[in-house]
file model-v1.pdb (PDB, C-alpha atoms)
MODEL        1
ATOM      1  CA  MET Y 229      63.416 305.519 111.643
ATOM      2  CA  LEU Y 230      63.322 301.981 111.832
ATOM      3  CA  ALA Y 231      61.727 300.396 114.763
ATOM      4  CA  VAL Y 232      63.434 297.240 115.970
ATOM      5  CA  ASP Y 233      61.876 294.857 118.399
ATOM      6  CA  THR Y 234      64.495 294.614 121.151
ATOM      7  CA  THR Y 235      62.658 292.020 123.178
ATOM      8  CA  LEU Y 236      63.597 289.326 120.730
ATOM      9  CA  ILE Y 237      67.233 290.412 120.823
ATOM     10  CA  ASP Y 238      67.177 290.610 124.625
ATOM     11  CA  SER Y 239      65.680 287.129 124.815
ATOM     12  CA  ILE Y 240      68.350 285.681 122.496
ATOM     13  CA  ILE Y 241      71.135 287.405 124.427
ATOM     14  CA  GLN Y 242      69.701 286.111 127.696
ATOM     15  CA  GLN Y 243      69.553 282.532 126.351
ATOM     16  CA  LYS Y 244      73.125 282.808 125.067
ATOM     17  CA  LEU Y 245      74.297 284.120 128.473
ATOM     18  CA  VAL Y 246      72.610 281.222 130.298
ATOM     19  CA  THR Y 247      74.108 278.752 127.831
ATOM     20  CA  ILE Y 248      77.583 280.294 128.262
ATOM     21  CA  PHE Y 249      77.146 280.216 132.076
ATOM     22  CA  ILE Y 250      76.108 276.552 132.036
ATOM     23  CA  GLN Y 251      78.941 275.637 129.648
ATOM     24  CA  THR Y 252      81.476 277.538 131.779
ATOM     25  CA  THR Y 253      80.187 275.841 134.934
ATOM     26  CA  LEU Y 254      80.376 272.389 133.331
ATOM     27  CA  VAL Y 255      83.879 273.028 131.993
ATOM     28  CA  SER Y 256      84.928 274.276 135.441
ATOM     29  CA  ILE Y 257      83.502 271.166 137.123
ATOM     30  CA  VAL Y 258      85.210 268.885 134.616
ATOM     31  CA  LEU Y 259      88.460 270.825 135.069
ATOM     32  CA  ILE Y 260      88.194 270.597 138.879
ATOM     33  CA  VAL Y 261      87.508 266.837 138.716
ATOM     34  CA  PHE Y 262      90.425 266.378 136.315
ATOM     35  CA  LEU Y 263      92.800 268.451 138.474
ATOM     36  CA  THR Y 264      91.671 266.677 141.662
ATOM     37  CA  THR Y 265      92.180 263.255 140.087
ATOM     38  CA  THR Y 266      95.535 264.305 138.689
ATOM     39  CA  PHE Y 267      96.594 265.762 142.062
ATOM     40  CA  LYS Y 268      95.473 262.582 143.762
ATOM     41  CA  LYS Y 269      97.452 260.392 141.347
ATOM     42  CA  LEU Y 270     100.540 262.633 141.241
ATOM     43  CA  VAL Y 271     100.783 263.750 144.863
ATOM     44  CA  LYS Y 272      98.403 262.203 147.365
ATOM     45  CA  GLU Y 273      98.701 258.519 146.375
ATOM     46  CA  PRO Y 274     102.542 258.556 146.191
ATOM     47  CA  ILE Y 275     102.727 260.335 149.547
ATOM     48  CA  ALA Y 276     100.280 257.824 151.048
ATOM     49  CA  GLU Y 277     102.404 254.987 149.612
ATOM     50  CA  ILE Y 278     105.581 256.516 151.089
ATOM     51  CA  ILE Y 279     103.912 256.964 154.485
ATOM     52  CA  SER Y 280     102.612 253.392 154.415
ATOM     53  CA  ALA Y 281     106.048 251.994 153.499
ATOM     54  CA  LEU Y 282     107.781 254.024 156.221
ATOM     55  CA  ASP Y 283     105.105 252.960 158.703
ATOM     56  CA  ASN Y 284     105.755 249.302 157.795
ATOM     57  CA  ILE Y 285     109.475 249.817 158.414
ATOM     58  CA  ASN Y 286     108.711 251.574 161.698
ATOM     59  CA  LYS Y 287     106.129 249.108 163.028
ATOM     60  CA  GLY Y 288     107.664 245.955 161.553
ATOM     61  CA  ASP Y 289     110.915 244.337 162.515
ATOM     62  CA  GLY Y 290     112.864 247.291 161.136
ATOM     63  CA  ASP Y 291     113.605 245.614 157.797
ATOM     64  CA  LEU Y 292     115.903 248.163 156.212
ATOM     65  CA  THR Y 293     116.366 246.055 153.081
ATOM     66  CA  PHE Y 294     112.950 247.281 151.951
ATOM     67  CA  ARG Y 295     113.008 250.028 149.308
ATOM     68  CA  LEU Y 296     110.232 252.304 148.106
ATOM     69  CA  ARG Y 297     108.946 251.858 144.534
ATOM     70  CA  GLU Y 298     110.636 254.287 142.141
ATOM     71  CA  GLN Y 299     108.501 257.032 140.652
ATOM     72  CA  LYS Y 300     108.849 259.923 138.222
ATOM     73  CA  GLY Y 301     109.080 263.638 138.865
ATOM     74  CA  GLU Y 302     109.440 265.298 142.235
ATOM     75  CA  MET Y 303     107.915 262.322 144.027
ATOM     76  CA  GLY Y 304     110.482 260.116 142.319
ATOM     77  CA  ARG Y 305     113.240 262.346 143.644
ATOM     78  CA  LEU Y 306     111.729 262.178 147.143
ATOM     79  CA  VAL Y 307     111.499 258.373 146.938
ATOM     80  CA  GLN Y 308     115.098 258.189 145.668
ATOM     81  CA  GLU Y 309     116.334 260.315 148.589
ATOM     82  CA  LEU Y 310     114.342 258.254 151.097
ATOM     83  CA  ASN Y 311     115.755 255.028 149.629
ATOM     84  CA  THR Y 312     119.269 256.487 149.882
ATOM     85  CA  PHE Y 313     118.605 257.494 153.485
ATOM     86  CA  ILE Y 314     117.306 253.993 154.336
ATOM     87  CA  LYS Y 315     120.381 252.466 152.651
ATOM     88  CA  HIS Y 316     122.741 254.683 154.703
ATOM     89  CA  LEU Y 317     120.760 253.891 157.837
ATOM     90  CA  GLN Y 318     121.019 250.167 157.041
ATOM     91  CA  THR Y 319     124.809 250.500 156.620
ATOM     92  CA  LEU Y 320     125.108 252.474 159.867
ATOM     93  CA  ILE Y 321     123.059 249.949 161.848
ATOM     94  CA  ALA Y 322     125.047 247.066 160.355
ATOM     95  CA  GLY Y 323     128.220 248.817 161.584
ATOM     96  CA  VAL Y 324     126.730 249.270 165.046
ATOM     97  CA  ILE Y 325     125.761 245.574 165.149
ATOM     98  CA  GLU Y 326     129.264 244.583 164.041
ATOM     99  CA  CYS Y 327     130.778 246.826 166.716
ATOM    100  CA  ALA Y 328     128.444 245.367 169.340
ATOM    101  CA  ASN Y 329     129.433 241.853 168.304
ATOM    102  CA  LYS Y 330     133.122 242.778 168.572
ATOM    103  CA  MET Y 331     132.505 244.216 172.049
ATOM    104  CA  HIS Y 332     130.784 241.036 173.255
ATOM    105  CA  GLU Y 333     134.019 239.172 174.076
ATOM    106  CA  PRO Y 334     135.775 242.099 175.857
ATOM    107  CA  VAL Y 335     132.618 242.754 177.883
ATOM    108  CA  ASN Y 336     132.513 239.082 178.895
ATOM    109  CA  ASN Y 337     136.203 239.278 179.858
ATOM    110  CA  ILE Y 338     135.548 242.376 181.954
ATOM    111  CA  HIS Y 339     132.631 240.585 183.594
ATOM    112  CA  LEU Y 340     134.861 237.580 184.361
ATOM    113  CA  VAL Y 341     137.625 239.799 185.785
ATOM    114  CA  SER Y 342     135.013 241.630 187.843
ATOM    115  CA  LYS Y 343     133.756 238.331 189.291
ATOM    116  CA  GLN Y 344     137.326 237.223 190.048
ATOM    117  CA  THR Y 345     138.031 240.571 191.715
ATOM    118  CA  GLN Y 346     134.874 240.229 193.770
ATOM    119  CA  VAL Y 347     135.883 236.706 194.890
ATOM    120  CA  GLY Y 348     139.399 237.967 195.706
ATOM    121  CA  ALA Y 349     137.976 240.871 197.710
ATOM    122  CA  GLU Y 350     135.708 238.513 199.630
ATOM    123  CA  ASN Y 351     138.700 236.246 200.380
ATOM    124  CA  GLN Y 352     140.725 239.281 201.540
ATOM    125  CA  ARG Y 353     137.842 240.367 203.756
ATOM    126  CA  ASP Y 354     137.562 236.868 205.262
ATOM    127  CA  LYS Y 355     141.317 236.791 205.918
ATOM    128  CA  ALA Y 356     141.218 240.272 207.444
ATOM    129  CA  ASP Y 357     138.291 239.225 209.652
ATOM    130  CA  HIS Y 358     140.212 236.104 210.690
ATOM    131  CA  ALA Y 359     143.355 238.169 211.409
ATOM    132  CA  ALA Y 360     141.320 240.669 213.438
ATOM    133  CA  HIS Y 361     139.760 237.831 215.429
ATOM    134  CA  SER Y 362     143.206 236.283 216.003
ATOM    135  CA  MET Y 363     144.610 239.653 217.078
ATOM    136  CA  SER Y 364     141.682 240.085 219.452
ATOM    137  CA  GLN Y 365     142.397 236.670 220.965
ATOM    138  CA  MET Y 366     146.114 237.525 221.199
ATOM    139  CA  ALA Y 367     145.270 240.845 222.883
ATOM    140  CA  THR Y 368     143.043 239.008 225.356
ATOM    141  CA  ALA Y 369     145.837 236.493 226.023
ATOM    142  CA  ALA Y 370     148.400 239.301 226.361
ATOM    143  CA  ASN Y 371     146.125 241.095 228.816
ATOM    144  CA  SER Y 372     145.757 237.865 230.770
ATOM    145  CA  VAL Y 373     149.552 237.327 230.756
ATOM    146  CA  ALA Y 374     150.091 240.965 231.814
ATOM    147  CA  GLN Y 375     147.550 240.574 234.614
ATOM    148  CA  ASN Y 376     149.202 237.335 235.744
ATOM    149  CA  ALA Y 377     152.608 239.031 235.541
ATOM    150  CA  ALA Y 378     151.301 241.936 237.616
ATOM    151  CA  GLU Y 379     149.904 239.515 240.156
ATOM    152  CA  ALA Y 380     153.201 237.620 240.128
ATOM    153  CA  SER Y 381     155.043 240.901 240.579
ATOM    154  CA  VAL Y 382     152.828 241.807 243.524
ATOM    155  CA  SER Y 383     153.296 238.308 244.936
ATOM    156  CA  SER Y 384     157.032 238.580 244.372
ATOM    157  CA  ALA Y 385     157.102 241.954 246.091
ATOM    158  CA  ASN Y 386     155.116 240.484 248.972
ATOM    159  CA  ILE Y 387     157.489 237.526 249.149
ATOM    160  CA  ASN Y 388     160.455 239.897 249.023
ATOM    161  CA  THR Y 389     158.959 241.970 251.836
ATOM    162  CA  ASP Y 390     158.169 238.846 253.833
ATOM    163  CA  SER Y 391     161.638 237.511 253.086
ATOM    164  CA  GLN Y 392     163.267 240.727 254.306
ATOM    165  CA  ALA Y 393     161.091 240.688 257.394
ATOM    166  CA  ALA Y 394     162.039 237.054 258.050
ATOM    167  CA  ASP Y 395     165.697 237.912 257.399
ATOM    168  CA  ASN Y 396     165.452 240.780 259.856
ATOM    169  CA  GLU Y 397     163.829 238.534 262.441
ATOM    170  CA  LEU Y 398     166.496 235.894 261.895
ATOM    171  CA  LYS Y 399     169.171 238.541 262.314
ATOM    172  CA  GLU Y 400     167.543 239.728 265.476
ATOM    173  CA  MET Y 401     167.261 236.194 266.719
ATOM    174  CA  ALA Y 402     170.863 235.576 265.807
ATOM    175  CA  ASN Y 403     171.842 238.723 267.679
ATOM    176  CA  THR Y 404     169.738 237.687 270.598
ATOM    177  CA  ILE Y 405     171.270 234.219 270.560
ATOM    178  CA  ASN Y 406     174.738 235.721 270.286
ATOM    179  CA  GLN Y 407     174.023 238.009 273.160
ATOM    180  CA  LEU Y 408     172.681 235.205 275.222
ATOM    181  CA  SER Y 409     175.660 233.133 274.321
ATOM    182  CA  ASN Y 410     177.958 235.985 275.283
ATOM    183  CA  ASP Y 411     176.082 236.442 278.484
ATOM    184  CA  ILE Y 412     176.391 232.806 279.264
ATOM    185  CA  THR Y 413     180.083 232.717 278.527
ATOM    186  CA  GLU Y 414     180.827 235.622 280.532
TER     187      GLU Y 414
ENDMDL
END
call {"tool": "encode", "arguments": {"input": "model-v1.pdb", "output": "C-alpha cells"}}
result
Amino acid sequence: MLAVDTTLIDSIIQQKLVTIFIQTTLVSIVLIVFLTTTFKKLVKEPIAEIISALDNINKGDGDLTFRLREQKGEMGRLVQELNTFIKHLQTLIAGVIECANKMHEPVNNIHLVSKQTQVGAENQRDKADHAAHSMSQMATAANSVAQNAAEASVSSANINTDSQAADNELKEMANTINQLSNDITE
C-alpha cells in the first residue's frame, strides 16, 4: 500500500478554504457597498429630494408653480403623481381665490346694508324712546287734567249744594216775607 502524507494535503486544503473565505468575504463587502450605494442613489436620495421639495412648498409661501425634477423608474412615477397632485391643488386654490374675489363685492354690500339697518334700527329706537317720553308727558298731563276735572266736579257739586241751600233759604225767606206781608195786610 502506498503511504500518502495527508498533512500536506490537509495544509493545502486549509489554505484554499481560508483563501475562499477571504475572497467570499471581500466579494460580499464589495456587493454590500455596491447595493448600499445603488439603494442610496435609486431610493434614498430621490426620496430626500422629494421631501425637501415638499418641505419648501410647505414652509415657503406655498408656491404651487414649483414642480419636482422628473426621474426614471418607480421614483419617476411617484414624482409624476406628486407633480400632478400639486398641479390639481394649484388649480383648486386658484378657483378658491377667484371665488373669494367674486364674493368680495357682495360681502361689502351685505356689510353696507347691515350698517344701514343698524342706523335705521337706532333711529327707530330713538323715535320710540321719544314717543314713549311724549306719551308719558301726555299721561301726566291727562292725569293732571283729570285731577283738575275731579276737583272742579267736587267744587261744582259743592256750589250746586250751596246753591240749593241758598235757594231753599231764599224760598223760606220769601215765604216768611209773604207770610209777614199777609199778616200785615190782614
call {"tool": "atom_distance", "arguments": {"input": "model-v1.pdb", "atom1": "atom CA of Y:Ser383", "atom2": "atom CA of Y:Thr368"}}
result
22.1 Å
call {"tool": "residues_around", "arguments": {"input": "model-v1.pdb", "residues": "Y:Arg295", "least_positions_apart": "5", "cutoff": "10 Å", "atoms": "all atoms listed in the file", "output": "ChimeraX atom specification"}}
result
/Y:281-282,285,307-308,310-312,314-315
call {"tool": "atom_distance", "arguments": {"input": "model-v1.pdb", "atom1": "atom CA of Y:Ala276", "atom2": "atom CA of Y:Arg297"}}
result
12.4 Å
call {"tool": "atom_distance", "arguments": {"input": "model-v1.pdb", "atom1": "atom CA of Y:Leu270", "atom2": "atom CA of Y:Met303"}}
result
7.9 Å
call {"tool": "decode", "arguments": {"input": "model-v1.pdb", "residues": "stretch 285-379 of chain Y", "atoms": "C-alpha atoms", "output": "short mmCIF file (atom, residue, chain, number, x, y, z; two decimals), in the first residue's frame"}}
result
data_model
loop_
_atom_site.label_atom_id
_atom_site.label_comp_id
_atom_site.auth_asym_id
_atom_site.auth_seq_id
_atom_site.Cartn_x
_atom_site.Cartn_y
_atom_site.Cartn_z
CA ILE Y 285 -43.60 74.23 -0.60
CA ASN Y 286 -44.96 73.74 2.92
CA LYS Y 287 -42.67 76.19 4.72
CA GLY Y 288 -42.36 78.73 1.91
CA ASP Y 289 -45.06 80.97 0.57
CA GLY Y 290 -46.94 77.98 -0.82
CA ASP Y 291 -45.56 78.38 -4.35
CA LEU Y 292 -47.52 75.72 -6.19
CA THR Y 293 -45.87 76.56 -9.51
CA PHE Y 294 -42.85 74.60 -8.32
CA ARG Y 295 -42.51 71.10 -9.78
CA LEU Y 296 -40.29 68.22 -8.71
CA ARG Y 297 -37.46 67.15 -11.05
CA GLU Y 298 -38.51 64.23 -13.26
CA GLN Y 299 -36.85 60.89 -12.64
CA LYS Y 300 -36.89 57.37 -14.05
CA GLY Y 301 -38.46 54.22 -12.70
CA GLU Y 302 -40.78 53.98 -9.73
CA MET Y 303 -39.44 57.20 -8.23
CA GLY Y 304 -40.18 58.91 -11.54
CA ARG Y 305 -43.75 57.68 -11.34
CA LEU Y 306 -44.02 58.95 -7.75
CA VAL Y 307 -42.61 62.35 -8.77
CA GLN Y 308 -45.01 62.49 -11.74
CA GLU Y 309 -48.00 61.76 -9.48
CA LEU Y 310 -46.86 64.35 -6.93
CA ASN Y 311 -46.43 66.95 -9.69
CA THR Y 312 -49.93 66.13 -10.96
CA PHE Y 313 -51.30 66.45 -7.43
CA ILE Y 314 -49.57 69.83 -6.95
CA LYS Y 315 -50.94 70.99 -10.33
CA HIS Y 316 -54.51 70.00 -9.34
CA LEU Y 317 -54.03 71.64 -5.96
CA GLN Y 318 -52.79 74.81 -7.70
CA THR Y 319 -55.89 74.81 -9.95
CA LEU Y 320 -58.19 74.23 -6.97
CA ILE Y 321 -56.63 77.04 -4.93
CA ALA Y 322 -56.77 79.38 -7.92
CA GLY Y 323 -60.52 78.61 -8.15
CA VAL Y 324 -60.96 79.30 -4.44
CA ILE Y 325 -59.11 82.62 -4.79
CA GLU Y 326 -61.27 83.55 -7.79
CA CYS Y 327 -64.41 82.66 -5.84
CA ALA Y 328 -63.21 84.69 -2.86
CA ASN Y 329 -62.54 87.66 -5.12
CA LYS Y 330 -66.04 87.36 -6.61
CA MET Y 331 -67.52 87.25 -3.10
CA HIS Y 332 -65.68 90.41 -2.03
CA GLU Y 333 -68.23 92.83 -3.54
CA PRO Y 334 -71.37 91.01 -2.27
CA VAL Y 335 -69.83 90.77 1.20
CA ASN Y 336 -69.12 94.51 1.13
CA ASN Y 337 -72.72 95.14 0.02
CA ILE Y 338 -74.03 92.98 2.86
CA HIS Y 339 -71.79 94.88 5.27
CA LEU Y 340 -73.13 98.21 3.94
CA VAL Y 341 -76.75 97.03 4.21
CA SER Y 342 -76.03 95.78 7.72
CA LYS Y 343 -74.66 99.20 8.71
CA GLN Y 344 -77.68 100.94 7.16
CA THR Y 345 -80.01 98.56 9.00
CA GLN Y 346 -78.19 99.25 12.24
CA VAL Y 347 -78.51 103.03 11.72
CA GLY Y 348 -82.21 102.60 10.85
CA ALA Y 349 -82.77 100.50 13.97
CA GLU Y 350 -81.04 103.10 16.12
CA ASN Y 351 -83.23 105.83 14.57
CA GLN Y 352 -86.35 103.71 15.22
CA ARG Y 353 -85.25 103.18 18.81
CA ASP Y 354 -84.67 106.93 19.28
CA LYS Y 355 -88.11 107.70 17.82
CA ALA Y 356 -89.74 105.05 20.00
CA ASP Y 357 -87.97 106.47 23.06
CA HIS Y 358 -89.14 109.97 22.09
CA ALA Y 359 -92.72 108.71 21.55
CA ALA Y 360 -92.66 106.91 24.91
CA HIS Y 361 -91.41 110.08 26.62
CA SER Y 362 -94.12 112.13 24.87
CA MET Y 363 -96.78 109.60 25.87
CA SER Y 364 -95.52 109.72 29.45
CA GLN Y 365 -95.80 113.52 29.42
CA MET Y 366 -99.29 113.27 27.87
CA ALA Y 367 -100.32 110.73 30.53
CA THR Y 368 -99.02 113.07 33.24
CA ALA Y 369 -100.94 115.97 31.67
CA ALA Y 370 -104.07 113.82 31.31
CA ASN Y 371 -103.80 112.80 34.96
CA SER Y 372 -103.43 116.46 35.91
CA VAL Y 373 -106.46 117.41 33.76
CA ALA Y 374 -108.46 114.52 35.27
CA GLN Y 375 -107.47 115.60 38.77
CA ASN Y 376 -108.42 119.21 37.99
CA ALA Y 377 -111.70 117.98 36.47
CA ALA Y 378 -112.39 115.92 39.58
CA GLU Y 379 -111.66 118.92 41.76
#
